[in-house]
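**Q** Next comes final35.cif, mmCIF, C-alpha atoms:
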data_data
#
loop_
_atom_site.label_atom_id
_atom_site.label_comp_id
_atom_site.auth_asym_id
_atom_site.auth_seq_id
_atom_site.Cartn_x
_atom_site.Cartn_y
_atom_site.Cartn_z
CA MET A 1 -6.53 -15.05 -16.12
CA PRO A 2 -8.33 -13.72 -13.05
CA LEU A 3 -7.37 -10.22 -12.02
CA PRO A 4 -4.98 -10.38 -9.02
CA LEU A 5 -6.20 -8.25 -6.10
CA THR A 6 -4.63 -7.86 -2.66
CA LEU A 7 -6.69 -6.54 0.24
CA LEU A 8 -4.96 -5.23 3.37
CA PHE A 9 -7.34 -5.13 6.33
CA ASP A 10 -7.99 -5.40 10.04
CA PRO A 11 -11.23 -7.06 11.20
CA LEU A 12 -11.90 -4.29 13.75
CA CYS A 13 -11.53 -1.52 11.18
CA GLY A 14 -14.91 0.12 10.57
CA TRP A 15 -13.82 1.39 7.16
CA CYS A 16 -12.88 -2.18 6.16
CA TYR A 17 -16.44 -3.20 7.04
CA GLY A 18 -17.69 -0.19 5.09
CA ALA A 19 -15.81 -1.40 2.01
CA HIS A 20 -17.59 -4.76 1.97
CA PRO A 21 -20.35 -3.82 -0.55
CA ALA A 22 -17.74 -2.68 -3.08
CA LEU A 23 -15.53 -5.71 -2.48
CA ALA A 24 -18.53 -8.04 -2.81
CA ALA A 25 -19.51 -6.32 -6.07
CA VAL A 26 -15.99 -6.85 -7.42
CA ASP A 27 -16.05 -10.48 -6.33
CA ALA A 28 -19.36 -11.09 -8.08
CA ALA A 29 -18.51 -9.20 -11.27
CA LEU A 30 -14.87 -10.14 -11.82
CA ALA A 31 -14.17 -13.31 -9.78
CA PRO A 32 -10.65 -12.00 -9.12
CA ALA A 33 -7.73 -13.88 -7.63
CA TRP A 34 -7.88 -12.57 -4.07
CA THR A 35 -5.00 -12.30 -1.65
CA LEU A 36 -6.32 -11.13 1.72
CA LEU A 37 -3.70 -10.02 4.23
CA PRO A 38 -4.42 -8.93 7.80
CA THR A 39 -2.10 -6.14 8.93
CA GLY A 40 -2.48 -6.54 12.69
CA LEU A 41 -3.14 -2.80 12.86
CA PHE A 42 -5.35 -3.10 15.95
CA ALA A 43 -3.93 -6.37 17.28
CA GLN A 44 -2.80 -4.88 20.56
CA PRO A 45 -5.07 -4.03 23.51
CA GLN A 46 -6.26 -0.43 23.76
CA ALA A 47 -8.26 0.57 26.83
CA MET A 48 -11.77 1.74 26.02
CA SER A 49 -13.33 4.89 27.43
CA ALA A 50 -16.60 6.76 27.03
CA GLN A 51 -14.78 9.34 24.90
CA LYS A 52 -13.27 6.69 22.63
CA ALA A 53 -16.63 4.91 22.30
CA ALA A 54 -18.29 8.21 21.31
CA TYR A 55 -15.56 8.86 18.74
CA PHE A 56 -15.95 5.38 17.25
CA TRP A 57 -19.73 5.76 17.04
CA GLN A 58 -19.43 9.14 15.34
CA ASN A 59 -17.00 7.68 12.83
CA ASP A 60 -19.25 4.66 12.30
CA GLN A 61 -22.15 6.95 11.43
CA ARG A 62 -20.03 8.56 8.71
CA ILE A 63 -19.26 5.13 7.31
CA ALA A 64 -22.93 4.11 7.44
CA GLU A 65 -24.00 7.28 5.63
CA LEU A 66 -21.38 6.78 2.92
CA THR A 67 -21.79 3.03 2.37
CA GLY A 68 -25.20 1.98 3.69
CA GLN A 69 -23.55 -0.53 6.02
CA VAL A 70 -25.41 -1.26 9.29
CA PHE A 71 -23.98 -0.29 12.68
CA SER A 72 -26.76 -1.55 14.91
CA PRO A 73 -28.07 -0.27 18.25
CA ALA A 74 -26.97 -3.63 19.68
CA TYR A 75 -23.39 -2.86 18.63
CA ARG A 76 -23.55 0.55 20.28
CA GLU A 77 -25.20 -0.70 23.49
CA GLN A 78 -23.45 -4.06 23.95
CA VAL A 79 -20.03 -3.63 22.35
CA LEU A 80 -19.08 0.05 22.43
CA ALA A 81 -20.63 0.54 25.86
CA ASP A 82 -18.55 -2.30 27.31
CA LEU A 83 -15.68 -0.19 28.59
CA ALA A 84 -14.15 -3.11 30.49
CA THR A 85 -13.19 -4.95 27.30
CA PRO A 86 -10.15 -3.53 25.46
CA PHE A 87 -10.28 -2.64 21.78
CA ASP A 88 -8.13 -5.43 20.34
CA SER A 89 -8.39 -7.30 17.04
CA THR A 90 -6.02 -10.10 18.05
CA LEU A 91 -8.67 -12.79 18.59
CA ALA A 92 -10.68 -11.81 15.51
CA THR A 93 -7.54 -11.85 13.37
CA GLN A 94 -6.53 -15.23 14.74
CA ALA A 95 -10.02 -16.56 14.04
CA TRP A 96 -9.92 -15.33 10.45
CA LEU A 97 -6.52 -16.93 9.91
CA HIS A 98 -7.67 -20.27 11.33
CA ILE A 99 -10.82 -20.24 9.16
CA VAL A 100 -8.87 -19.44 6.00
CA ALA A 101 -6.29 -22.10 6.80
CA ALA A 102 -9.14 -24.63 6.68
CA GLN A 103 -11.20 -22.93 3.95
CA PRO A 104 -8.82 -20.97 1.69
CA SER A 105 -11.60 -19.71 -0.58
CA ALA A 106 -13.66 -18.29 2.30
CA GLY A 107 -11.49 -15.27 3.07
CA LEU A 108 -13.87 -12.50 2.03
CA GLN A 109 -16.94 -14.25 3.42
CA ALA A 110 -15.23 -15.05 6.73
CA LEU A 111 -14.07 -11.46 7.12
CA HIS A 112 -17.56 -10.12 6.56
CA ARG A 113 -19.12 -12.59 9.01
CA ILE A 114 -16.58 -11.65 11.68
CA GLN A 115 -17.31 -7.96 11.04
CA ALA A 116 -21.08 -8.47 11.09
CA LEU A 117 -20.82 -10.33 14.39
CA ARG A 118 -19.65 -7.06 15.94
CA TYR A 119 -21.36 -4.34 13.94
CA VAL A 120 -24.73 -5.97 13.19
CA ASP A 121 -25.26 -8.64 15.85
CA GLY A 122 -23.67 -6.57 18.61
CA LYS A 123 -21.63 -9.53 19.86
CA ALA A 124 -18.13 -9.30 21.28
CA HIS A 125 -15.47 -11.38 19.56
CA THR A 126 -15.06 -14.35 21.90
CA PRO A 127 -14.01 -17.95 21.22
CA ALA A 128 -17.68 -18.98 21.47
CA SER A 129 -19.08 -16.31 19.15
CA LEU A 130 -16.27 -16.78 16.63
CA GLY A 131 -16.81 -20.53 16.88
CA ARG A 132 -20.36 -19.98 15.64
CA VAL A 133 -18.97 -18.05 12.66
CA ALA A 134 -16.61 -20.93 11.92
CA ALA A 135 -19.44 -23.46 12.20
CA ALA A 136 -21.57 -21.43 9.76
CA LEU A 137 -18.69 -21.76 7.28
CA GLY A 138 -18.57 -25.53 7.67
CA LEU A 139 -15.90 -25.95 10.34
CA ASP A 140 -16.21 -27.97 13.53
CA ALA A 141 -16.84 -25.38 16.24
CA SER A 142 -15.20 -27.24 19.10
CA ALA A 143 -12.06 -28.06 17.10
CA PHE A 144 -11.94 -24.45 15.93
CA GLN A 145 -12.18 -23.08 19.47
CA GLN A 146 -9.42 -25.45 20.56
CA ALA A 147 -7.22 -24.19 17.72
CA LEU A 148 -8.07 -20.61 18.68
CA GLN A 149 -6.85 -21.23 22.22
CA GLY A 150 -3.47 -22.08 20.71
CA GLY A 151 -3.03 -18.48 19.59
CA TRP A 152 -1.59 -17.45 16.25
CA PRO A 153 -1.60 -20.14 13.54
CA ALA A 154 1.63 -21.10 11.79
CA GLN A 155 1.15 -18.84 8.76
CA ALA A 156 0.32 -15.71 10.76
CA GLU A 157 3.78 -14.20 11.04
CA ALA A 158 4.46 -14.52 7.31
CA LEU A 159 1.11 -13.02 6.30
CA LEU A 160 1.31 -10.12 8.75
CA GLY A 161 4.88 -9.44 7.65
CA GLN A 162 3.85 -9.47 4.00
CA ALA A 163 1.03 -7.02 4.71
CA ARG A 164 3.28 -4.62 6.60
CA GLN A 165 5.94 -4.78 3.91
CA LEU A 166 3.36 -3.87 1.25
CA MET A 167 2.15 -0.95 3.36
CA HIS A 168 5.72 0.28 3.74
CA THR A 169 6.57 -0.21 0.05
CA HIS A 170 3.56 1.75 -1.15
CA GLY A 171 3.49 4.35 1.62
CA LEU A 172 0.11 3.19 2.87
CA ASN A 173 -0.90 4.52 6.28
CA GLY A 174 -4.15 2.70 6.97
CA VAL A 175 -6.66 0.06 6.01
CA PRO A 176 -8.49 -0.96 3.98
CA SER A 177 -6.02 -0.75 1.13
CA LEU A 178 -6.54 -2.55 -2.16
CA LEU A 179 -3.76 -3.37 -4.60
CA CYS A 180 -4.51 -4.29 -8.21
CA GLN A 181 -1.66 -6.10 -9.93
CA GLY A 182 0.63 -4.70 -7.26
CA ARG A 183 -0.50 -1.06 -7.52
CA PRO A 184 -2.70 0.78 -4.98
CA VAL A 185 -6.29 1.45 -6.02
CA PRO A 186 -7.63 4.96 -5.18
CA SER A 187 -9.06 4.56 -1.69
CA GLN A 188 -12.29 6.46 -2.34
CA LEU A 189 -13.33 3.77 -4.84
CA LEU A 190 -13.56 1.22 -2.01
CA TYR A 191 -16.88 2.83 -1.01
CA GLN A 192 -18.30 3.11 -4.55
CA PRO A 193 -19.19 -0.39 -5.81
CA ALA A 194 -20.01 0.39 -9.45
CA GLN A 195 -17.08 2.75 -9.86
CA LEU A 196 -14.67 0.24 -8.33
CA VAL A 197 -15.84 -2.51 -10.67
CA ASP A 198 -15.46 -0.17 -13.67
CA TYR A 199 -11.99 0.90 -12.58
CA LEU A 200 -10.79 -2.67 -12.11
CA GLN A 201 -12.28 -3.80 -15.41
CA GLN A 202 -10.16 -1.14 -17.09
CA GLN A 203 -7.06 -2.50 -15.37
CA HIS A 204 -7.67 -6.06 -16.53
#
Please go through the file and, once you have read it, give me the structure as structure tokens.
**A**
Amino acid sequence: MPLPLTLLFDPLCGWCYGAHPALAAVDAALAPAWTLLPTGLFAQPQAMSAQKAAYFWQNDQRIAELTGQVFSPAYREQVLADLATPFDSTLATQAWLHIVAAQPSAGLQALHRIQALRYVDGKAHTPASLGRVAAALGLDASAFQQALQGGWPAQAEALLGQARQLMHTHGLNGVPSLLCQGRPVPSQLLYQPAQLVDYLQQQH
């Protein structure tokens, strides 16, 4: 049987983006049974400021150094420097949920594409930009954008509630968090692809 893994995440979490190489390595090596659960951690508007942008960029450089993930100049100049747009993962989380409702097996790929839209392409998460992500995954962009305008999809409340309950049960304070057969995986392994694969193979 495939190894059951549960990932708790927020699409605007830089460390979740940093974990992608390790998660992709696990996906390729083990073909696990994934359950991906958004937590809604950043799904409330936070005003941006020059100080907050500088803090995010400094943190992003730590993630890049540790994981090799790209945080592009376009992201710094077009996303972080846009102080008029609040820091809010609501739309990105809604987009991910709508994509996965239509393509249940695309959870990990959809998450990475939504992350890369921000961190690599330097594009804000808008209905249009997220519609292009959906189209790249085989969805009809106009129908997707229409669904996105409707807000949270039907399954959102249950999935967010499940994620928050798991965080409470296991005393988890942040994301990403990975559970293997219901037990938390040491967080440092999420940034060490080979070590994470080895650890999970031992759990199987």
**Q** If we count all atoms listed in the file, what is near A:Gln201 at a cut-off of 10 Å, once residues fewer than 6 positions away on the same chain are taken out, given as a compact mmCIF listing (two decimals) with C-alpha atoms, in the frame of the given file?
**A**
# COMPACT_ATOMS: atom_id res chain seq x y z
CA LEU A 3 -7.37 -10.22 -12.02
CA VAL A 26 -15.99 -6.85 -7.42
CA ALA A 29 -18.51 -9.20 -11.27
CA LEU A 30 -14.87 -10.14 -11.82
CA GLN A 195 -17.08 2.75 -9.86
**Q** For the structure provided, state which residues fall under the PyMOL selection byres ((chain A and resi 156) around 12), and present them as a list of chain:residue names.
**A** A:Leu37, A:Pro38, A:Thr39, A:Gly40, A:Thr90, A:Thr93, A:Gln94, A:Ala95, A:Trp96, A:Leu97, A:His98, A:Val100, A:Ala101, A:Gly151, A:Trp152, A:Pro153, A:Ala154, A:Gln155, A:Glu157, A:Ala158, A:Leu159, A:Leu160, A:Gly161, A:Gln162, A:Ala163
**Q** Mind dumping a table of every stretch 99-134 of chain A residue within 8 Å of stretch 71-78 of chain A, with the nearest atom pair and its distance in Å to one decimal, using all atoms listed in the file, sorted by chain and rising number, as a Markdown table?
**A**
| residue | atom | partner | partner_atom | distance |
| --- | --- | --- | --- | --- |
| A:Arg118 | CA | A:Tyr75 | CA | 6.2 |
| A:Tyr119 | CA | A:Phe71 | CA | 5.0 |
| A:Val120 | CA | A:Ser72 | CA | 5.2 |
| A:Asp121 | CA | A:Ala74 | CA | 6.5 |
| A:Gly122 | CA | A:Tyr75 | CA | 3.7 |
| A:Lys123 | CA | A:Tyr75 | CA | 7.0 |
| A:Ala124 | CA | A:Gln78 | CA | 7.9 |
**Q** Using only C-alpha atoms, determine which residues lie at most 10 Å from stretch 63-67 of chain A, disregarding the query and same-chain residues fewer than 3 positions distant; provide the list as a list in words.
**A**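 Neighbouring residues, sequence-local ones excluded: Gly14, Trp15, Cys16, Tyr17, Gly18, Ala19, His20, Pro21, Ala22, Trp57, Gln58, Asn59, Asp60, Val70, Phe71, Leu190, Tyr191, Gln192 and Pro193 of chain A.
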**Q** Enumerate, as a ChimeraX atom specification, the residues matched when the PyMOL selection byres ((chain A and resi 86) around 12) is run on the file above.
**A** /A:12,42-49,52-53,79-85,87-91,124-125
**Q** Record the distance separating atom CA of A:Val185 and atom CA of A:His170, expressed in Å with one decimal.
**A**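 These two atoms are separated by 11.0 Å.
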**Q** By how many Å are atom CA of A:Leu7 and atom CA of A:Leu178 apart?
**A**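 Separating atom CA of A:Leu7 from atom CA of A:Leu178 is a distance of 4.7 Å.
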**Q** Which is closest to A:Leu5 among A:Leu139, A:Leu41, A:Ala134, A:Leu108, if we use all atoms listed in the file?
**A**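 Among the listed residues, A:Leu108 lies closest to A:Leu5.
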